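**Student:** This is the content of upload26.txt (compact mmCIF, C-alpha atoms (C1' of nucleotides)):
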# COMPACT_ATOMS: atom_id res chain seq x y z
CA MET A 23 -70.99 -49.66 -26.13
CA ARG A 24 -70.76 -50.87 -29.71
CA PRO A 25 -69.18 -48.17 -31.85
CA ALA A 26 -71.36 -47.05 -34.70
CA ALA A 27 -69.74 -46.20 -37.99
CA ALA A 28 -71.54 -42.87 -37.81
CA ASP A 29 -69.40 -41.74 -34.90
CA ILE A 30 -66.24 -41.71 -36.97
CA ASP A 31 -65.64 -39.17 -39.71
CA GLU A 32 -63.15 -38.64 -42.51
CA LEU A 33 -60.52 -37.23 -40.16
CA ASP A 34 -60.70 -40.29 -37.92
CA ILE A 35 -60.20 -42.60 -40.85
CA ARG A 36 -57.14 -40.74 -42.09
CA LEU A 37 -55.79 -40.71 -38.53
CA VAL A 38 -56.25 -44.47 -38.21
CA GLU A 39 -54.52 -45.04 -41.55
CA ILE A 40 -51.49 -43.05 -40.42
CA LEU A 41 -51.30 -44.92 -37.13
CA GLN A 42 -51.62 -48.27 -38.87
CA LYS A 43 -48.59 -47.45 -40.99
CA ASP A 44 -46.57 -46.15 -38.03
CA SER A 45 -48.04 -45.72 -34.58
CA SER A 46 -44.84 -44.15 -33.28
CA THR A 47 -45.43 -41.07 -35.42
CA PRO A 48 -45.39 -38.05 -33.07
CA SER A 49 -48.68 -36.24 -32.54
CA VAL A 50 -47.23 -32.98 -33.83
CA LYS A 51 -46.22 -34.57 -37.11
CA ILE A 52 -49.63 -36.18 -37.55
CA ALA A 53 -51.20 -32.82 -36.74
CA GLY A 54 -49.20 -31.28 -39.58
CA MET A 55 -50.33 -33.96 -42.04
CA LEU A 56 -53.99 -33.55 -41.13
CA ARG A 57 -53.85 -29.74 -40.87
CA VAL A 58 -55.06 -29.65 -37.28
CA THR A 59 -53.36 -29.03 -33.96
CA GLU A 60 -51.58 -31.56 -31.80
CA GLY A 61 -54.33 -31.44 -29.15
CA THR A 62 -56.96 -32.43 -31.67
CA VAL A 63 -54.95 -35.44 -32.74
CA ARG A 64 -54.65 -36.69 -29.20
CA ASN A 65 -58.30 -35.94 -28.43
CA ARG A 66 -59.28 -38.02 -31.44
CA VAL A 67 -56.98 -40.86 -30.50
CA ASN A 68 -58.48 -40.93 -27.00
CA LYS A 69 -61.99 -40.88 -28.44
CA LEU A 70 -61.20 -43.77 -30.78
CA ARG A 71 -59.71 -45.73 -27.91
CA ARG A 72 -62.80 -45.10 -25.78
CA LEU A 73 -65.07 -46.24 -28.60
CA GLY A 74 -63.02 -49.38 -29.10
CA VAL A 75 -62.13 -48.53 -32.68
CA ILE A 76 -58.47 -48.54 -31.65
CA ARG A 77 -58.04 -51.66 -29.54
CA ARG A 78 -54.42 -51.18 -28.59
CA PHE A 79 -51.03 -49.90 -29.69
CA THR A 80 -48.94 -52.86 -30.77
CA ILE A 81 -46.15 -54.04 -33.07
CA SER A 82 -46.20 -56.10 -36.23
CA ILE A 83 -43.67 -58.90 -35.99
CA ASP A 84 -42.15 -61.36 -38.44
CA PRO A 85 -43.61 -64.76 -37.43
CA MET A 86 -40.58 -66.54 -38.93
CA ALA A 87 -38.14 -64.75 -36.67
CA MET A 88 -40.22 -65.54 -33.62
CA GLY A 89 -40.23 -69.24 -34.38
CA GLN A 90 -43.78 -69.29 -35.69
CA GLY A 91 -43.05 -70.10 -39.31
CA ALA A 92 -45.66 -72.75 -39.97
CA ILE A 93 -49.29 -71.96 -40.70
CA ALA A 94 -52.27 -74.21 -41.31
CA PHE A 95 -55.97 -73.69 -41.81
CA VAL A 96 -58.33 -76.22 -40.29
CA LEU A 97 -61.83 -76.86 -41.57
CA LEU A 98 -63.72 -78.22 -38.58
CA ASN A 99 -67.06 -79.85 -37.92
CA ALA A 100 -68.70 -79.50 -34.53
CA ALA A 101 -71.25 -81.79 -32.95
CA PRO A 102 -74.83 -80.52 -33.58
CA GLY A 103 -75.65 -77.44 -31.51
CA ARG A 104 -72.19 -77.20 -29.99
CA THR A 105 -70.54 -74.87 -32.48
CA ALA A 106 -70.47 -71.85 -30.16
CA GLU A 107 -69.08 -73.83 -27.27
CA VAL A 108 -66.33 -75.34 -29.44
CA ALA A 109 -65.49 -71.96 -30.99
CA LYS A 110 -64.95 -70.40 -27.58
CA ARG A 111 -62.71 -73.16 -26.36
CA LEU A 112 -60.60 -73.10 -29.52
CA ALA A 113 -60.33 -69.31 -29.39
CA ALA A 114 -58.78 -69.62 -25.95
CA LEU A 115 -55.82 -71.58 -27.34
CA ASP A 116 -52.78 -69.41 -28.03
CA VAL A 117 -51.76 -71.47 -31.06
CA VAL A 118 -55.12 -70.77 -32.66
CA ALA A 119 -54.79 -67.33 -34.24
CA GLU A 120 -58.26 -67.12 -35.76
CA VAL A 121 -61.65 -68.81 -35.39
CA HIS A 122 -64.35 -68.14 -37.99
CA GLU A 123 -67.85 -69.54 -38.15
CA THR A 124 -68.88 -70.55 -41.64
CA HIS A 125 -71.27 -72.88 -43.44
CA THR A 126 -69.44 -73.82 -46.61
CA TYR A 127 -66.98 -76.55 -45.67
CA GLY A 128 -67.77 -77.48 -42.11
CA ASP A 129 -68.76 -75.24 -39.22
CA LEU A 130 -65.53 -73.52 -38.25
CA LEU A 131 -62.41 -72.35 -40.05
CA LEU A 132 -59.30 -72.02 -37.88
CA LYS A 133 -55.93 -70.46 -38.50
CA VAL A 134 -53.17 -72.21 -36.56
CA ARG A 135 -49.59 -71.07 -35.98
CA ALA A 136 -46.72 -73.36 -35.04
CA ARG A 137 -42.94 -73.69 -35.15
CA GLY A 138 -42.81 -76.25 -37.92
CA PRO A 139 -44.76 -78.96 -39.76
CA SER A 140 -44.30 -81.62 -37.09
CA ASP A 141 -45.31 -79.22 -34.34
CA LEU A 142 -48.37 -78.40 -36.42
CA ALA A 143 -49.41 -82.02 -36.72
CA ASP A 144 -49.05 -82.43 -32.97
CA ILE A 145 -51.20 -79.37 -32.25
CA VAL A 146 -54.02 -80.56 -34.46
CA ALA A 147 -53.92 -84.08 -33.04
CA SER A 148 -53.50 -83.35 -29.36
CA ARG A 149 -54.94 -79.90 -28.79
CA ILE A 150 -57.66 -79.34 -31.39
CA LYS A 151 -59.19 -82.77 -32.00
CA THR A 152 -59.31 -83.36 -28.26
CA VAL A 153 -61.64 -80.42 -27.65
CA PRO A 154 -65.05 -81.81 -26.65
CA GLY A 155 -67.61 -81.39 -29.39
CA VAL A 156 -65.16 -81.57 -32.29
CA ALA A 157 -66.56 -84.06 -34.78
CA GLY A 158 -64.11 -83.88 -37.66
CA THR A 159 -61.20 -81.91 -39.12
CA GLN A 160 -59.63 -81.21 -42.51
CA VAL A 161 -56.19 -79.60 -42.50
CA ILE A 162 -55.02 -77.21 -45.19
CA THR A 163 -51.26 -76.81 -44.87
CA VAL A 164 -49.72 -73.53 -46.01
CA LEU A 165 -46.61 -73.97 -48.12
CA ASN A 166 -45.79 -70.31 -48.52
CA ALA A 167 -47.35 -67.16 -47.07
CA TRP A 168 -47.30 -64.48 -49.74
CA LYS A 169 -49.15 -62.02 -47.57
CA ASP A 170 -49.95 -62.49 -43.91
CA GLY A 171 -51.68 -60.29 -41.37
CA ALA A 172 -49.10 -60.72 -38.63
CA MET B 28 -31.29 -60.42 -44.65
CA ARG B 29 -33.40 -63.17 -43.18
CA PRO B 30 -33.31 -62.96 -39.38
CA ALA B 31 -32.24 -66.21 -37.76
CA ALA B 32 -33.91 -67.33 -34.57
CA ALA B 33 -30.43 -67.59 -33.06
CA ASP B 34 -30.01 -63.81 -33.11
CA ILE B 35 -32.78 -63.27 -30.58
CA ASP B 36 -32.55 -64.30 -26.95
CA GLU B 37 -34.91 -64.58 -24.00
CA LEU B 38 -34.77 -60.84 -23.29
CA ASP B 39 -35.78 -60.01 -26.85
CA ILE B 40 -38.77 -62.32 -26.63
CA ARG B 41 -39.99 -60.77 -23.40
CA LEU B 42 -39.48 -57.33 -24.90
CA VAL B 43 -41.51 -58.25 -27.96
CA GLU B 44 -44.30 -59.62 -25.78
CA ILE B 45 -44.50 -56.38 -23.81
CA LEU B 46 -44.60 -54.31 -26.99
CA GLN B 47 -47.28 -56.53 -28.50
CA LYS B 48 -49.51 -55.85 -25.52
CA ASP B 49 -48.82 -52.10 -25.54
CA SER B 50 -46.27 -50.54 -27.83
CA SER B 51 -46.76 -47.12 -26.24
CA THR B 52 -45.15 -48.33 -23.02
CA PRO B 53 -42.24 -45.95 -22.24
CA SER B 54 -38.73 -47.37 -22.43
CA VAL B 55 -38.07 -46.58 -18.77
CA LYS B 56 -41.04 -48.61 -17.63
CA ILE B 57 -40.06 -51.56 -19.83
CA ALA B 58 -36.53 -51.28 -18.45
CA GLY B 59 -37.93 -51.63 -14.95
CA MET B 60 -39.91 -54.73 -15.89
CA LEU B 61 -36.93 -56.41 -17.53
CA ARG B 62 -34.42 -55.26 -14.88
CA VAL B 63 -32.16 -53.55 -17.39
CA THR B 64 -31.39 -49.92 -18.21
CA GLU B 65 -33.46 -47.73 -20.48
CA GLY B 66 -30.62 -47.54 -23.01
CA THR B 67 -30.52 -51.31 -23.32
CA VAL B 68 -34.22 -51.41 -24.10
CA ARG B 69 -33.94 -48.87 -26.88
CA ASN B 70 -30.84 -50.57 -28.27
CA ARG B 71 -32.70 -53.86 -28.39
CA VAL B 72 -35.71 -52.32 -30.06
CA ASN B 73 -33.50 -50.78 -32.71
CA LYS B 74 -31.73 -54.10 -33.25
CA LEU B 75 -35.03 -55.94 -33.64
CA ARG B 76 -36.23 -53.34 -36.12
CA ARG B 77 -33.03 -53.65 -38.12
CA LEU B 78 -33.31 -57.44 -38.19
CA GLY B 79 -36.90 -57.21 -39.37
CA VAL B 80 -38.27 -59.05 -36.33
CA ILE B 81 -40.26 -55.93 -35.54
CA ARG B 82 -41.78 -54.89 -38.85
CA ARG B 83 -43.47 -51.73 -37.70
CA PHE B 84 -45.26 -50.00 -34.81
CA THR B 85 -48.97 -50.10 -35.51
CA ILE B 86 -52.44 -50.21 -33.95
CA SER B 87 -54.98 -52.98 -33.59
CA ILE B 88 -58.37 -51.80 -34.80
CA ASP B 89 -61.91 -53.12 -34.59
CA PRO B 90 -62.76 -54.06 -38.21
CA MET B 91 -66.49 -53.59 -37.53
CA ALA B 92 -66.06 -49.99 -36.48
CA MET B 93 -64.02 -49.22 -39.57
CA GLY B 94 -66.69 -50.55 -41.88
CA GLN B 95 -64.82 -53.76 -42.59
CA GLY B 96 -67.20 -56.16 -40.92
CA ALA B 97 -67.43 -58.82 -43.61
CA ILE B 98 -64.81 -61.52 -44.09
CA ALA B 99 -64.52 -64.29 -46.65
CA PHE B 100 -61.95 -66.92 -47.48
CA VAL B 101 -61.41 -67.75 -51.13
CA LEU B 102 -60.02 -71.06 -52.34
CA LEU B 103 -58.46 -70.27 -55.68
CA ASN B 104 -57.02 -72.20 -58.59
CA ALA B 105 -54.36 -70.66 -60.77
CA ALA B 106 -53.51 -71.52 -64.35
CA PRO B 107 -50.62 -74.03 -64.52
CA GLY B 108 -47.29 -72.46 -63.64
CA ARG B 109 -48.78 -69.06 -62.88
CA THR B 110 -49.37 -69.42 -59.14
CA ALA B 111 -46.56 -67.09 -58.06
CA GLU B 112 -47.59 -64.42 -60.55
CA VAL B 113 -51.22 -64.58 -59.43
CA ALA B 114 -50.25 -64.55 -55.73
CA LYS B 115 -48.23 -61.37 -56.16
CA ARG B 116 -50.98 -59.56 -57.97
CA LEU B 117 -53.59 -60.56 -55.41
CA ALA B 118 -51.30 -59.58 -52.53
CA ALA B 119 -51.15 -56.08 -53.97
CA LEU B 120 -54.91 -55.60 -53.51
CA ASP B 121 -55.81 -53.78 -50.28
CA VAL B 122 -59.00 -55.80 -49.83
CA VAL B 123 -56.97 -59.00 -49.80
CA ALA B 124 -55.63 -59.33 -46.25
CA GLU B 125 -53.82 -62.62 -46.70
CA VAL B 126 -52.52 -64.84 -49.52
CA HIS B 127 -51.36 -68.35 -48.71
CA GLU B 128 -50.02 -70.97 -51.07
CA THR B 129 -51.39 -74.45 -50.42
CA HIS B 130 -52.06 -77.74 -52.17
CA THR B 131 -55.13 -79.11 -50.46
CA TYR B 132 -58.10 -77.31 -52.00
CA GLY B 133 -56.74 -75.35 -54.90
CA ASP B 134 -53.49 -73.42 -55.15
CA LEU B 135 -54.13 -70.31 -53.07
CA LEU B 136 -56.15 -69.45 -50.00
CA LEU B 137 -57.12 -65.79 -49.64
CA LYS B 138 -58.60 -63.82 -46.79
CA VAL B 139 -60.74 -60.96 -48.02
CA ARG B 140 -62.14 -58.02 -46.04
CA ALA B 141 -65.13 -55.92 -47.11
CA ARG B 142 -67.87 -53.65 -45.80
CA GLY B 143 -70.70 -56.13 -46.20
CA PRO B 144 -71.86 -59.25 -48.04
CA SER B 145 -72.79 -57.44 -51.25
CA ASP B 146 -69.50 -55.59 -51.30
CA LEU B 147 -67.79 -58.93 -50.82
CA ALA B 148 -69.53 -60.49 -53.79
CA ASP B 149 -68.52 -57.54 -55.92
CA ILE B 150 -64.89 -57.79 -54.88
CA VAL B 151 -64.66 -61.47 -55.75
CA ALA B 152 -66.40 -61.00 -59.07
CA SER B 153 -64.72 -57.83 -60.30
CA ARG B 154 -61.36 -57.67 -58.59
CA ILE B 155 -60.26 -61.24 -57.91
CA LYS B 156 -61.69 -63.31 -60.76
CA THR B 157 -60.48 -60.70 -63.22
CA VAL B 158 -56.83 -61.16 -62.28
CA PRO B 159 -55.08 -62.85 -65.22
CA GLY B 160 -54.23 -66.47 -64.47
CA VAL B 161 -57.12 -67.09 -62.09
CA ALA B 162 -58.78 -70.31 -63.21
CA GLY B 163 -61.44 -70.87 -60.57
CA THR B 164 -62.68 -69.76 -57.16
CA GLN B 165 -64.63 -71.16 -54.22
CA VAL B 166 -65.86 -68.66 -51.63
CA ILE B 167 -66.17 -69.49 -47.93
CA THR B 168 -68.27 -66.79 -46.30
CA VAL B 169 -67.65 -66.05 -42.62
CA LEU B 170 -70.82 -65.70 -40.60
CA ASN B 171 -69.20 -64.80 -37.30
CA ALA B 172 -65.59 -64.12 -36.36
CA TRP B 173 -64.97 -65.58 -32.90
CA LYS B 174 -61.31 -64.68 -32.97
CA ASP B 175 -59.64 -62.51 -35.58
CA GLY B 176 -56.09 -61.26 -35.98
CA ALA B 177 -57.04 -57.69 -36.76
C1' DC C 13 -23.84 -45.87 -17.85
C1' DC C 14 -24.89 -40.95 -16.71
C1' DT C 15 -26.04 -36.20 -17.74
C1' DG C 16 -28.20 -32.28 -19.94
C1' DA C 17 -30.76 -30.34 -23.79
C1' DA C 18 -34.48 -30.80 -27.00
C1' DA C 19 -38.56 -32.97 -28.41
C1' DC C 20 -42.68 -34.74 -27.09
C1' DA C 21 -46.93 -35.75 -24.25
C1' DC C 22 -50.33 -34.33 -21.04
C1' DT C 23 -53.54 -31.10 -18.28
C1' DA C 24 -56.57 -27.59 -17.78
C1' DA C 25 -58.87 -23.70 -19.41
C1' DA C 26 -60.60 -20.57 -23.05
C1' DG C 27 -62.49 -19.88 -27.60
C1' DG C 28 -65.29 -20.92 -31.94
C1' DC C 29 -68.85 -23.51 -34.64
C1' DG D 15 -72.99 -28.21 -26.04
C1' DC D 16 -69.29 -30.30 -28.31
C1' DC D 17 -65.05 -30.04 -30.56
C1' DT D 18 -60.98 -27.53 -31.29
C1' DT D 19 -57.28 -24.72 -29.90
C1' DT D 20 -53.91 -22.52 -26.80
C1' DA D 21 -50.69 -22.14 -23.12
C1' DG D 22 -48.21 -24.01 -19.42
C1' DT D 23 -46.16 -28.15 -17.08
C1' DG D 24 -44.09 -32.67 -16.74
C1' DT D 25 -41.98 -36.79 -19.04
C1' DT D 26 -39.37 -39.17 -22.40
C1' DT D 27 -36.02 -39.49 -25.67
C1' DC D 28 -31.41 -39.07 -27.39
C1' DA D 29 -26.44 -37.47 -28.18
C1' DG D 30 -21.97 -36.66 -26.04
C1' DG D 31 -19.00 -37.31 -22.42
In C-alpha cells, what does this structure look like?

**Tutor:**
Amino acid sequence: MRPAAADIDELDIRLVEILQKDSSTPSVKIAGMLRVTEGTVRNRVNKLRRLGVIRRFTISIDPMAMGQGAIAFVLLNAAPGRTAEVAKRLAALDVVAEVHETHTYGDLLLKVRARGPSDLADIVASRIKTVPGVAGTQVITVLNAWKDGA
Amino acid sequence: MRPAAADIDELDIRLVEILQKDSSTPSVKIAGMLRVTEGTVRNRVNKLRRLGVIRRFTISIDPMAMGQGAIAFVLLNAAPGRTAEVAKRLAALDVVAEVHETHTYGDLLLKVRARGPSDLADIVASRIKTVPGVAGTQVITVLNAWKDGA
DNA sequence: CCTGAAACACTAAAGGC
DNA sequence: GCCTTTAGTGTTTCAGG
C-alpha cells in the first residue's frame, strides 16, 4: 500500500503543513483555517494516517536538553555485496539516527547522536566498526548544528 | 534560557518517550502509565515546553508521499570568516533540512530535500551556490534512505 | 488533589457533487 | 460512489475551590 502522490490534493498538503507546525491544534480551529467543517478535517487526517502519509503524532525535542548534544556523520564502506545487510544492522541501532545509501564517498552515510565527543568516539569504535561487513569509516564531527531536524 | 540536563528527571524522560511515540495520547492515559495524576502530567508537559525541551507538537510524515523523495548531502566551503553568515542564510531555506558546521570536508554539511534528482540539481545550482560567501560545493546524492529522521 | 463546566473528539447517518 | 456535512453522544481538558 504505497501512497501515490496523486491521492493527496491541495487541501491535504495545507492540512499537513498546519499539523507540522502544531499538531495539537484543535480540529475546529483547523477547520476554520481551511474553510471546511471539523468532520472533514478529521476524515482527512484519518485518510492520511491510513495511507501512511502521516506516520505518527509526535513531539520535536531539543537534543541538547535530552543529553544528545553531540552529532557526527560517518562515511562508511561496506564489504562488496553486503551494503544492504550492513545498512539494516546499523539502522537497528538507536544511536544511529539516519542511514543513507550513496555512491560518492563510500557506500553509506550515517548520522550518529551521542552525549558528548568521547561517547561519540566510543560508539563509532565499539558499535559501528564492529558490525560485520563494515570495511572502513571516515568520521565527520559536527562542531555546531545551525539547523537540525530533531 | 538554555535548559540544563539537571532540570529534567527520570519522570520527564519517560514522559518525553511516550509523547515521541504518540503525542495524541490523552493525559489521563499517560498518568496511568507513569502512576501519577493527570494534573501532574500536564504540569510536566507545560514545564518541558517552557524550558524548550519540547519544542513543539508535530507529525512525522512520509517524505515520499509528500513529493519529497530525493535527498542529498552537500559538503560546502565558505569564504574565510563568513561561515556563520552563510550558515544562517542557508538555514533559512525551506529545502535545506539541516545545516551542520564541521571541519573535516569543508566548513558546512547540509541536508537537502527535493522532489526528484533534477529538482535537486536545480536547488544546488540556483539556490545554494548563489548564496553570497559560498566558495565551493560537493554533492553527495542519496540513492536509498534506509533510515531517515523525517 | 477533586469537582464541575466548557471545549473538544468521535460515531453514525443524511445530503451533495 | 465518494466525500462532505450535520447532529447527537462521550471524553478530555482546565479553572477554582

**Student:** Sorted by chain and rising residue number, which residues of chain B lie within 12 Å of chain C, and what are their closest atom pairs and distances in Å to one decimal, counting all atoms listed in the file, as CSV?

**Tutor:**
residue,atom,partner,partner_atom,distance
B:Ser51,CA,C:DA21,C1',11.5
B:Pro53,CA,C:DA21,C1',11.4
B:Val63,CA,C:DC13,C1',11.3
B:Thr64,CA,C:DC13,C1',8.6
B:Glu65,CA,C:DC13,C1',10.1
B:Gly66,CA,C:DC13,C1',8.7
B:Thr67,CA,C:DC13,C1',10.2

**Student:** Have a look at atom CA of B:Val126 and atom CA of B:Pro159 and let me know their distance in Å, one decimal.

**Tutor:**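 These two atoms are separated by 16.0 Å.
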
**Student:** Go ahead and fit an axis-aligned box to every listed atom of chain C plus 6 Å each side, and pass me the centre and edge lengths in Å, one decimal, as AutoDock Vina command-line options.

**Tutor:**
--center_x -46.3 --center_y -32.9 --center_z -25.7 --size_x 57.0 --size_y 38.0 --size_z 29.9

**Student:** How close does chain B get to chain A? List, as a tab-separated table, each residue of chain B within 8 Å, its nearest atom pair and the distance in Å to one decimal, counting all atoms listed in the file.

**Tutor:**
residue	atom	partner	partner_atom	distance
B:Pro30	CA	A:Ala87	CA	5.8
B:Ala31	CA	A:Ala87	CA	6.2
B:Ala32	CA	A:Ala87	CA	5.4
B:Ile40	CA	A:Met88	CA	7.8
B:Leu46	CA	A:Thr80	CA	5.9
B:Gln47	CA	A:Thr80	CA	4.6
B:Lys48	CA	A:Thr80	CA	6.1
B:Asp49	CA	A:Phe79	CA	5.2
B:Ser50	CA	A:Thr80	CA	4.6
B:Ser51	CA	A:Phe79	CA	6.2
B:Gly79	CA	A:Asp84	CA	6.8
B:Val80	CA	A:Asp84	CA	5.0
B:Ile81	CA	A:Ile83	CA	4.5
B:Arg82	CA	A:Ile83	CA	5.3
B:Arg83	CA	A:Ser82	CA	5.4
B:Phe84	CA	A:Ile81	CA	4.5
B:Thr85	CA	A:Ser45	CA	4.6
B:Ile86	CA	A:Phe79	CA	4.5
B:Ser87	CA	A:Arg77	CA	5.2
B:Ile88	CA	A:Ile76	CA	4.5
B:Asp89	CA	A:Val75	CA	5.0
B:Pro90	CA	A:Val75	CA	7.8
B:Ala92	CA	A:Ala27	CA	5.5
B:Met93	CA	A:Ala27	CA	6.7
B:Gly94	CA	A:Ala27	CA	6.6
B:Ala114	CA	A:Trp168	CA	6.7
B:Lys115	CA	A:Trp168	CA	7.2
B:Ala118	CA	A:Lys169	CA	5.9
B:Ala124	CA	A:Gly171	CA	6.4
B:Glu125	CA	A:Asp170	CA	4.8
B:Val126	CA	A:Lys169	CA	4.8
B:His127	CA	A:Ala167	CA	4.5
B:Glu128	CA	A:Asn166	CA	5.0
B:Thr129	CA	A:Val164	CA	4.8
B:His130	CA	A:Thr163	CA	7.4
B:Thr131	CA	A:Ile162	CA	5.6
B:Tyr132	CA	A:Ile162	CA	7.5
B:Ile167	CA	A:Thr126	CA	5.6
B:Thr168	CA	A:Thr124	CA	6.0
B:Val169	CA	A:Thr124	CA	4.8
B:Leu170	CA	A:Thr124	CA	5.3
B:Asn171	CA	A:Glu123	CA	5.0
B:Ala172	CA	A:His122	CA	4.5
B:Trp173	CA	A:Val121	CA	5.3
B:Lys174	CA	A:Val121	CA	4.8
B:Asp175	CA	A:Glu120	CA	4.8
B:Gly176	CA	A:Glu120	CA	6.3
B:Ala177	CA	A:Gly171	CA	7.5

**Student:** Which residues of chain D sit at most 12 Å from chain A, using only C-alpha atoms (C1' of nucleotides)? Give each one's shortest atom pair and distance in Å (one decimal place), in chain and ascending residue order, as CSV.

**Tutor:**
residue,atom,partner,partner_atom,distance
D:DC17,C1',A:Thr62,CA,8.5
D:DT18,C1',A:Thr62,CA,6.3
D:DT19,C1',A:Thr59,CA,7.1
D:DT20,C1',A:Gly61,CA,9.2
D:DA21,C1',A:Gly61,CA,11.7

**Student:** Could you jot down the atom CA of B:Thr164 to atom CA of B:Leu102 separation for me, Å, one decimal place?

**Tutor:**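 Answer for the atom CA of B:Thr164 to atom CA of B:Leu102 separation: 5.7 Å.
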
**Student:** Do you know which residues are at most 10 Å from B:Ile155 counting all atoms listed in the file, after dropping those on the same chain fewer than 5 positions away, and could you put them as a list in words?

**Tutor:**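 Neighbouring residues, sequence-local ones excluded: Val101, Leu103, Val113, Arg116, Leu117, Leu120, Val122, Val123, Leu137, Val139, Asp149, Ile150, Val161 and Thr164 of chain B.
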
**Student:** Take the residues from that selection and put them in a file with C-alpha atoms, as a PDB file, in the frame of the given file.

**Tutor:**
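This is the output file out02.pdb:
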ATOM      1  CA  VAL B 101     -61.410 -67.750 -51.130  1.00  0.00           C
ATOM      2  CA  LEU B 103     -58.460 -70.270 -55.680  1.00  0.00           C
ATOM      3  CA  VAL B 113     -51.220 -64.580 -59.430  1.00  0.00           C
ATOM      4  CA  ARG B 116     -50.980 -59.560 -57.970  1.00  0.00           C
ATOM      5  CA  LEU B 117     -53.590 -60.560 -55.410  1.00  0.00           C
ATOM      6  CA  LEU B 120     -54.910 -55.600 -53.510  1.00  0.00           C
ATOM      7  CA  VAL B 122     -59.000 -55.800 -49.830  1.00  0.00           C
ATOM      8  CA  VAL B 123     -56.970 -59.000 -49.800  1.00  0.00           C
ATOM      9  CA  LEU B 137     -57.120 -65.790 -49.640  1.00  0.00           C
ATOM     10  CA  VAL B 139     -60.740 -60.960 -48.020  1.00  0.00           C
ATOM     11  CA  ASP B 149     -68.520 -57.540 -55.920  1.00  0.00           C
ATOM     12  CA  ILE B 150     -64.890 -57.790 -54.880  1.00  0.00           C
ATOM     13  CA  VAL B 161     -57.120 -67.090 -62.090  1.00  0.00           C
ATOM     14  CA  THR B 164     -62.680 -69.760 -57.160  1.00  0.00           C
TER      15      THR B 164
END
